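Here's the structure we're looking at; comments come further down.
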Amino acid sequence: MTVNDWLQERFDIEAVKRFAAKKQVPIFYGTVWYYLGGVSLFLFIIQVLTGILLALYYQPGSATAFESVKFIVSKVEFGWLMREIHSWAANLFVFAIFLHMFTVFFSKAYRKPRELTWFTGMVLLGLAMFFGFSGYLLPWNELAYFATKVGTDIAGAVPFIGDFLIKVLRAGDEVSGATLTRFYSIHTAILPMIFIIFLAVHLIMIQVQGMSIPLSMEGTPANKRKTMPFFPNFVIRDLIVWLIILNVIALLAVFFPWELGLKADSLASAPAGIRPEWYFMFMFQTLKILPAHMWILEGEVFGVLMFAVGGIIWLLVPFLEKPKHSKLWFWFGVTILIYMIVLTVWGYLV
Amino acid sequence: MKYLILVTLFFQLIAVPMFAQEPDDACYQCHIEMDIDQDDEDRLFTNYLNDIHVEKGFSCADCHGGDPEAFDDEDESMWDNDSYLGELSAKDEIQMCGKCHSDPVFMRNYSVSVSVDQETQYWTSGHGIALKKGNKKVATCTDCHGVHGILSVENPNSKVYDSTVPKTCSKCHSSESYMAGVLESTDQYDEYVKSVHGNALLEKKDMFAPACNDCHGNHGASPPDVSSINEICGTCHAQNRDLFQNSHLSEAFLKEGLPQCESCHGNHNIVKPSDDFLNWGSASVCVECHEEGGKAKEMAGTLYQIIDSLKINLDSAKTLVERAEIKGMEISDLYFNLEDAHNALIHTRTSIHSFNTDFVRETATPGMVASEEAKTGAKAALDEFDYRRKGLFVASFIITLLALLMYIKVKQVEAHSKKDGDNG
């Protein structure tokens, strides 16, 4: 009796296999974009695993955080590797989700009946960015400290609830040891819990509804479409891509290690070159270039409101888009993408 | 608010000096008019209104006597007035200043901590002794502090402010003609400027660095005695003094009448000490007294070798640590070892004043240990760096192999599906 048979007697694995094999992945010039969801998932798994290992040694608190990270990277066996992988995979994770979102947007894969998949995906992107923001402070170094100060200041510009938001985020009026402890619990308990719920919904929706068919194939009868089975063909290809990504992360970890820098000191003056993580740069740069007053609002408040409205429109695209305005939405997406790239590059150049 | 600041600034910078209250004083009223026709250097009242005595409410008559209320009557204010002293002689000047400055009860009105021994000290100084003997070419109070524009010693514009003292002393002491027959050399200031102390005080503006008065005294200024030089230098360099005094050389120096610190380091021209002071050769200071081939050469060689070994060890540790840091390794702890080694090097350099090779070696040992620890740590970090690269190569190879195997597998699966499809 094989393991397969043993399991089959207790759980109908063949039914799962049949279900997975029934799911087809379209083969066309854009098939490569279909790997991005899997890549994001793989990077999330890496984050969970390395995060758990780092948590074995990490000690939140203004007196211990920096020292514990230093201990991890210098004394713990392969601790450096875990931290490097965690840091690099975090960046690639957000990048992969962004890329995934834009490919879904431009291929209009969010169209009926996949509105919920789009919606949960957008929430996952927001959570991933918050993961990055909260994790950035954890080493408690100078750059992270001041970047968090600036970042939470921006949250304070939100109309009506800004002050409340700052206090909730900072666990007080200033970024302090209490903020660090709060960010740690957000990063390791609250966010993972919410993320997993949305991720589960996202994945179930994909399994139930199957892969989105590109617009170019919609007119072709189902039996004439060029496709490949999700299992095992696409899954094995997915695994190959995951291995390539793993190789890239290992390479980055060894050749481009993240500096730990100096320990955060709230009394020290802010060092030059304080900037947020790259995925917040377009927003940060926008707020920087906005004039002090826009219309009846402060520039910063105007900027925050603009991003909030923009985010809601982006989230509601599946409901707002009408077929006759399809082109318009395409160019809207292109404009947003170019805007984000230009402002990000600008932010790094000045 | 902006206007308020501007008005305040106007009053502070322009209005107050413009309308500063001129003393209602007959002496001032006449002499200020006489000043107009004088050359700059002959004017009596340059900076007079900023004089600390005027600020505290003293008038001309408090020093010179006379009647300051006899306006428009020169005879009554000066010539016919018994209290009028006129221009004071050098001796009278000392006594006149001492009248207030030597009175602790009076001076307590202005500061509870002010010293009142200036006059007493002055009469013990080289200047005071010469004055007593009738030499009028000596410095008196006004020569150093100024005449009618005396500023607080804490005022940076004062002639006796820490960093201005060397220049003030040099006014007389650097003048060959003025010092003729009094002192043989007039190069003290030129030498001091080039010295480590002069550089610290005048160039680096380190107010803790000594000026002339810190070694020679202020009001009791005099050349230090051979036997007291170590105490003078020891005021700041206490450890060096103590070590030397307990060394076998201390007694020998006194016996020979050699000034202790000065014999090796010089006086006004003290330069930053070099380890080569111990290196038997042209730069060595030992050869000034000791002959070739004796025990001194052997000791100097040993001391030099101890310091040099520590220096070499520290330098190589630094190089290794920097190399590991450039490669991105976390080695910040090793900087503590380097700092320990550096501190030990400073202590070792100080310890040579004991002229005891065992003691010097003992002082250097923690530095050697710290350097070795830094080196070991840095080497481990560099090894770890190589290990990571090799590890990456192996891991990358395995991952690539796995990916290749999977690619073969997927091709097999696809070929199988195609065959099934063709057959089906």
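Letters for chains follow the order of the structure tokens (A, B, ...), residue numbers begin at 1 for each chain, and ligand numbers begin at 1 in the order shown.
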Proximal residues of chain A relative to chain B (only C-alpha atoms; 9 Å) as number ranges by chain
A: 70, 73-74, 228, 232-234, 236-237, 239-244, 246-248, 250-251, 254-260
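Across B:Pro259, B:Pro273, B:Gly98, B:Gly367, the tightest approach to Ile307 of chain B is made by B:Gly367 when counting only C-alpha atoms.
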Who sits within 12 Å of Asp340 of chain B, only C-alpha atoms, same chain under 5 positions skipped, as a ChimeraX atom specification:
/B:310,314,317,333-335,345-347,363-374
Contacts of Val342 of chain A at 8 Å (only C-alpha atoms; same-chain gap of 4+ positions) as a CSV table (one decimal) with C-alpha atoms, in the first residue's frame:
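Resulting contents of result-v5.csv:
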```
chain,number,residue,atom,x,y,z
A,282,PHE,CA,5.5,58.4,-4.5
A,338,ILE,CA,3.7,56.6,-14.7
A,346,TRP,CA,12.1,61.9,-8.3
```
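The neighbours of Ala222 of chain A here are the residues that come within 12 Å of it, using only C-alpha atoms and leaving out any residue fewer than 3 positions away in the same chain; they are Gln24, Val25, Pro26, Ile213, Met217, Glu218, Gly219, Arg225, Lys226 and Thr227 of chain A.
Proximity ranking of B:Lys205, B:His53, B:Arg361, B:Lys132 relative to Met299 of chain B places B:Arg361 first, based on only C-alpha atoms.
Summary of the local environment: counting only C-alpha atoms, residues at most 12 Å from Pro224 of chain B, other than itself and those fewer than 2 positions away along its chain, are Ser125, Gly126, Cys212, Asn213, Asp214, Cys215, His216, Gly217, Gly220, Ala221, Ser222, Val226, Ser227, Ser228, Ile229, Asn230, Glu231, Ile232, Cys233, Pro259, Gln260, Glu262 and Asn267 of chain B.
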Can you pull out every residue within 8 Å of segment 34-48 of chain B, counting only C-alpha atoms, but drop anything in the same chain fewer than 6 positions away, and send it as an MDAnalysis selection string?
chainID B and resid 54 148:150
Could you write those residues out with all heavy atoms, as a PDB file, in the first residue's frame?
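Once written, out_5.pdb looks like this:
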```pdb
ATOM      1  N   VAL B  54      33.743 101.552  35.684  1.00  0.00           N
ATOM      2  CA  VAL B  54      32.707 102.540  35.357  1.00  0.00           C
ATOM      3  C   VAL B  54      31.341 101.868  35.418  1.00  0.00           C
ATOM      4  O   VAL B  54      30.379 102.423  35.947  1.00  0.00           O
ATOM      5  CB  VAL B  54      32.972 103.147  33.949  1.00  0.00           C
ATOM      6  CG1 VAL B  54      31.850 104.117  33.574  1.00  0.00           C
ATOM      7  CG2 VAL B  54      34.308 103.856  33.934  1.00  0.00           C
ATOM      8  N   HIS B 148      42.140 102.772  31.071  1.00  0.00           N
ATOM      9  CA  HIS B 148      40.784 103.288  31.292  1.00  0.00           C
ATOM     10  C   HIS B 148      39.718 102.453  30.589  1.00  0.00           C
ATOM     11  O   HIS B 148      38.574 102.862  30.503  1.00  0.00           O
ATOM     12  CB  HIS B 148      40.688 104.746  30.846  1.00  0.00           C
ATOM     13  CG  HIS B 148      41.532 105.638  31.683  1.00  0.00           C
ATOM     14  ND1 HIS B 148      42.583 106.377  31.171  1.00  0.00           N
ATOM     15  CD2 HIS B 148      41.530 105.902  33.025  1.00  0.00           C
ATOM     16  CE1 HIS B 148      43.167 107.050  32.131  1.00  0.00           C
ATOM     17  NE2 HIS B 148      42.547 106.777  33.282  1.00  0.00           N
ATOM     18  N   GLY B 149      40.099 101.319  30.093  1.00  0.00           N
ATOM     19  CA  GLY B 149      39.095 100.450  29.436  1.00  0.00           C
ATOM     20  C   GLY B 149      39.230  99.033  29.950  1.00  0.00           C
ATOM     21  O   GLY B 149      39.171  98.079  29.179  1.00  0.00           O
ATOM     22  N   ILE B 150      39.393  98.888  31.267  1.00  0.00           N
ATOM     23  CA  ILE B 150      39.627  97.559  31.857  1.00  0.00           C
ATOM     24  C   ILE B 150      38.359  96.709  31.773  1.00  0.00           C
ATOM     25  O   ILE B 150      37.282  97.142  32.195  1.00  0.00           O
ATOM     26  CB  ILE B 150      40.081  97.682  33.328  1.00  0.00           C
ATOM     27  CG1 ILE B 150      41.419  98.435  33.371  1.00  0.00           C
ATOM     28  CG2 ILE B 150      40.206  96.318  33.979  1.00  0.00           C
ATOM     29  CD1 ILE B 150      41.882  98.785  34.772  1.00  0.00           C
TER      30      ILE B 150
END
```
Could you pull out the residues in segment 85-330 of chain A that DSSP calls alpha helix (DSSP H) from the backbone, as number ranges by chain?
A: 85-106, 115-137, 142-155, 162-170, 177-185, 191-209, 235-255, 281-289, 299-315, 317-320, 326-330
Output C-alpha atoms for every residue in that selection, as a short mmCIF file (atom, residue, chain, number, x, y, z; two decimals), in the first residue's frame.
```cif
data_model
loop_
_atom_site.label_atom_id
_atom_site.label_comp_id
_atom_site.auth_asym_id
_atom_site.auth_seq_id
_atom_site.Cartn_x
_atom_site.Cartn_y
_atom_site.Cartn_z
CA ILE A 85 16.07 37.06 3.58
CA HIS A 86 13.30 38.62 5.67
CA SER A 87 14.30 42.13 4.60
CA TRP A 88 14.80 41.35 0.93
CA ALA A 89 11.75 39.12 0.65
CA ALA A 90 9.66 41.88 2.29
CA ASN A 91 10.61 44.29 -0.47
CA LEU A 92 10.13 41.73 -3.23
CA PHE A 93 6.81 40.77 -1.64
CA VAL A 94 5.39 44.29 -1.94
CA PHE A 95 6.91 44.63 -5.43
CA ALA A 96 5.35 41.34 -6.58
CA ILE A 97 1.92 42.34 -5.24
CA PHE A 98 2.12 45.73 -6.96
CA LEU A 99 3.10 44.04 -10.23
CA HIS A 100 0.34 41.46 -9.76
CA MET A 101 -2.19 44.23 -9.17
CA PHE A 102 -1.20 46.17 -12.29
CA THR A 103 -1.25 43.08 -14.52
CA VAL A 104 -4.70 42.22 -13.19
CA PHE A 105 -5.77 45.83 -13.78
CA PHE A 106 -4.51 46.04 -17.36
CA GLU A 115 -14.81 41.70 -8.02
CA LEU A 116 -14.29 40.10 -4.61
CA THR A 117 -10.93 38.65 -5.66
CA TRP A 118 -9.83 42.16 -6.71
CA PHE A 119 -11.17 43.65 -3.51
CA THR A 120 -9.43 41.12 -1.25
CA GLY A 121 -6.25 41.51 -3.31
CA MET A 122 -6.27 45.25 -2.77
CA VAL A 123 -6.72 44.74 0.97
CA LEU A 124 -3.79 42.32 0.89
CA LEU A 125 -1.64 44.97 -0.83
CA GLY A 126 -2.58 47.52 1.83
CA LEU A 127 -1.76 45.02 4.56
CA ALA A 128 1.56 44.16 2.91
CA MET A 129 2.49 47.84 2.89
CA PHE A 130 1.53 48.14 6.54
CA PHE A 131 3.61 45.01 7.21
CA GLY A 132 6.56 46.82 5.64
CA PHE A 133 5.92 50.04 7.56
CA SER A 134 5.61 48.31 10.93
CA GLY A 135 8.56 45.99 10.30
CA TYR A 136 10.86 48.83 9.26
CA LEU A 137 10.90 50.24 12.81
CA GLU A 142 18.36 55.75 13.47
CA LEU A 143 16.91 55.69 9.94
CA ALA A 144 13.92 53.57 10.95
CA TYR A 145 13.21 55.77 13.94
CA PHE A 146 13.09 59.01 12.00
CA ALA A 147 11.32 57.46 8.99
CA THR A 148 8.61 56.22 11.37
CA LYS A 149 8.41 59.67 12.93
CA VAL A 150 7.84 61.20 9.48
CA GLY A 151 5.48 58.41 8.43
CA THR A 152 3.28 58.68 11.50
CA ASP A 153 3.30 62.48 11.15
CA ILE A 154 1.68 62.00 7.75
CA ALA A 155 -1.01 59.84 9.35
CA GLY A 162 -5.40 62.50 12.49
CA ASP A 163 -4.49 63.16 16.14
CA PHE A 164 -6.26 60.01 17.26
CA LEU A 165 -4.50 58.00 14.54
CA ILE A 166 -1.07 59.30 15.59
CA LYS A 167 -1.73 58.37 19.21
CA VAL A 168 -2.95 54.91 18.27
CA LEU A 169 0.07 54.29 16.04
CA ARG A 170 2.68 55.76 18.36
CA GLY A 177 9.74 52.34 23.08
CA ALA A 178 5.96 52.03 23.43
CA THR A 179 5.60 52.57 19.66
CA LEU A 180 8.12 49.83 19.05
CA THR A 181 6.23 47.34 21.21
CA ARG A 182 2.98 48.33 19.51
CA PHE A 183 4.47 47.96 16.03
CA TYR A 184 5.84 44.57 17.01
CA SER A 185 2.43 43.26 18.05
CA LEU A 191 -1.51 41.91 10.63
CA PRO A 192 -0.79 38.19 10.06
CA MET A 193 -4.19 37.28 11.47
CA ILE A 194 -6.07 39.70 9.21
CA PHE A 195 -3.80 38.91 6.25
CA ILE A 196 -4.45 35.18 6.48
CA ILE A 197 -8.23 35.69 6.52
CA PHE A 198 -8.14 37.84 3.37
CA LEU A 199 -5.57 35.56 1.75
CA ALA A 200 -7.80 32.54 2.38
CA VAL A 201 -10.78 34.28 0.78
CA HIS A 202 -8.59 35.42 -2.12
CA LEU A 203 -7.27 31.91 -2.76
CA ILE A 204 -10.64 30.19 -2.35
CA MET A 205 -12.16 32.62 -4.86
CA ILE A 206 -9.41 31.79 -7.35
CA GLN A 207 -9.86 28.05 -6.86
CA VAL A 208 -13.63 28.24 -7.12
CA GLN A 209 -13.79 30.62 -10.10
CA VAL A 235 2.02 24.10 -10.29
CA ILE A 236 5.39 22.63 -11.30
CA ARG A 237 6.14 25.74 -13.38
CA ASP A 238 5.11 27.83 -10.40
CA LEU A 239 7.60 25.90 -8.25
CA ILE A 240 10.36 26.54 -10.78
CA VAL A 241 9.68 30.27 -10.61
CA TRP A 242 9.68 30.07 -6.78
CA LEU A 243 13.10 28.39 -6.89
CA ILE A 244 14.43 31.13 -9.18
CA ILE A 245 13.08 33.76 -6.78
CA LEU A 246 14.71 31.92 -3.87
CA ASN A 247 18.00 32.00 -5.74
CA VAL A 248 17.64 35.73 -6.36
CA ILE A 249 16.93 36.37 -2.67
CA ALA A 250 19.96 34.32 -1.61
CA LEU A 251 22.10 36.30 -4.03
CA LEU A 252 20.79 39.62 -2.75
CA ALA A 253 21.21 38.52 0.88
CA VAL A 254 24.87 37.68 0.40
CA PHE A 255 25.94 40.44 -1.99
CA MET A 281 8.05 57.17 -1.89
CA PHE A 282 5.52 58.36 -4.51
CA MET A 283 3.18 59.47 -1.73
CA PHE A 284 5.98 60.99 0.34
CA GLN A 285 7.32 62.94 -2.65
CA THR A 286 3.84 64.15 -3.56
CA LEU A 287 3.34 65.54 -0.06
CA LYS A 288 6.76 67.17 -0.25
CA ILE A 289 6.07 69.04 -3.46
CA GLY A 299 -1.22 70.95 1.40
CA GLU A 300 -0.56 67.80 3.41
CA VAL A 301 -4.24 67.27 4.22
CA PHE A 302 -5.09 67.80 0.56
CA GLY A 303 -2.49 65.20 -0.42
CA VAL A 304 -3.74 62.63 2.08
CA LEU A 305 -7.34 63.18 0.93
CA MET A 306 -6.25 62.88 -2.71
CA PHE A 307 -4.63 59.51 -2.03
CA ALA A 308 -7.62 58.33 -0.03
CA VAL A 309 -10.03 59.22 -2.84
CA GLY A 310 -7.65 57.74 -5.43
CA GLY A 311 -7.39 54.52 -3.43
CA ILE A 312 -11.17 54.19 -3.14
CA ILE A 313 -11.65 54.78 -6.88
CA TRP A 314 -8.96 52.19 -7.61
CA LEU A 315 -10.66 49.74 -5.25
CA VAL A 317 -12.81 49.95 -10.46
CA PRO A 318 -14.73 46.67 -11.08
CA PHE A 319 -17.98 48.43 -10.16
CA LEU A 320 -17.25 51.80 -11.74
CA SER A 326 -12.85 50.67 -21.12
CA LYS A 327 -10.15 52.66 -22.96
CA LEU A 328 -10.52 55.55 -20.54
CA TRP A 329 -9.86 53.29 -17.59
CA PHE A 330 -6.84 51.81 -19.36
#
```
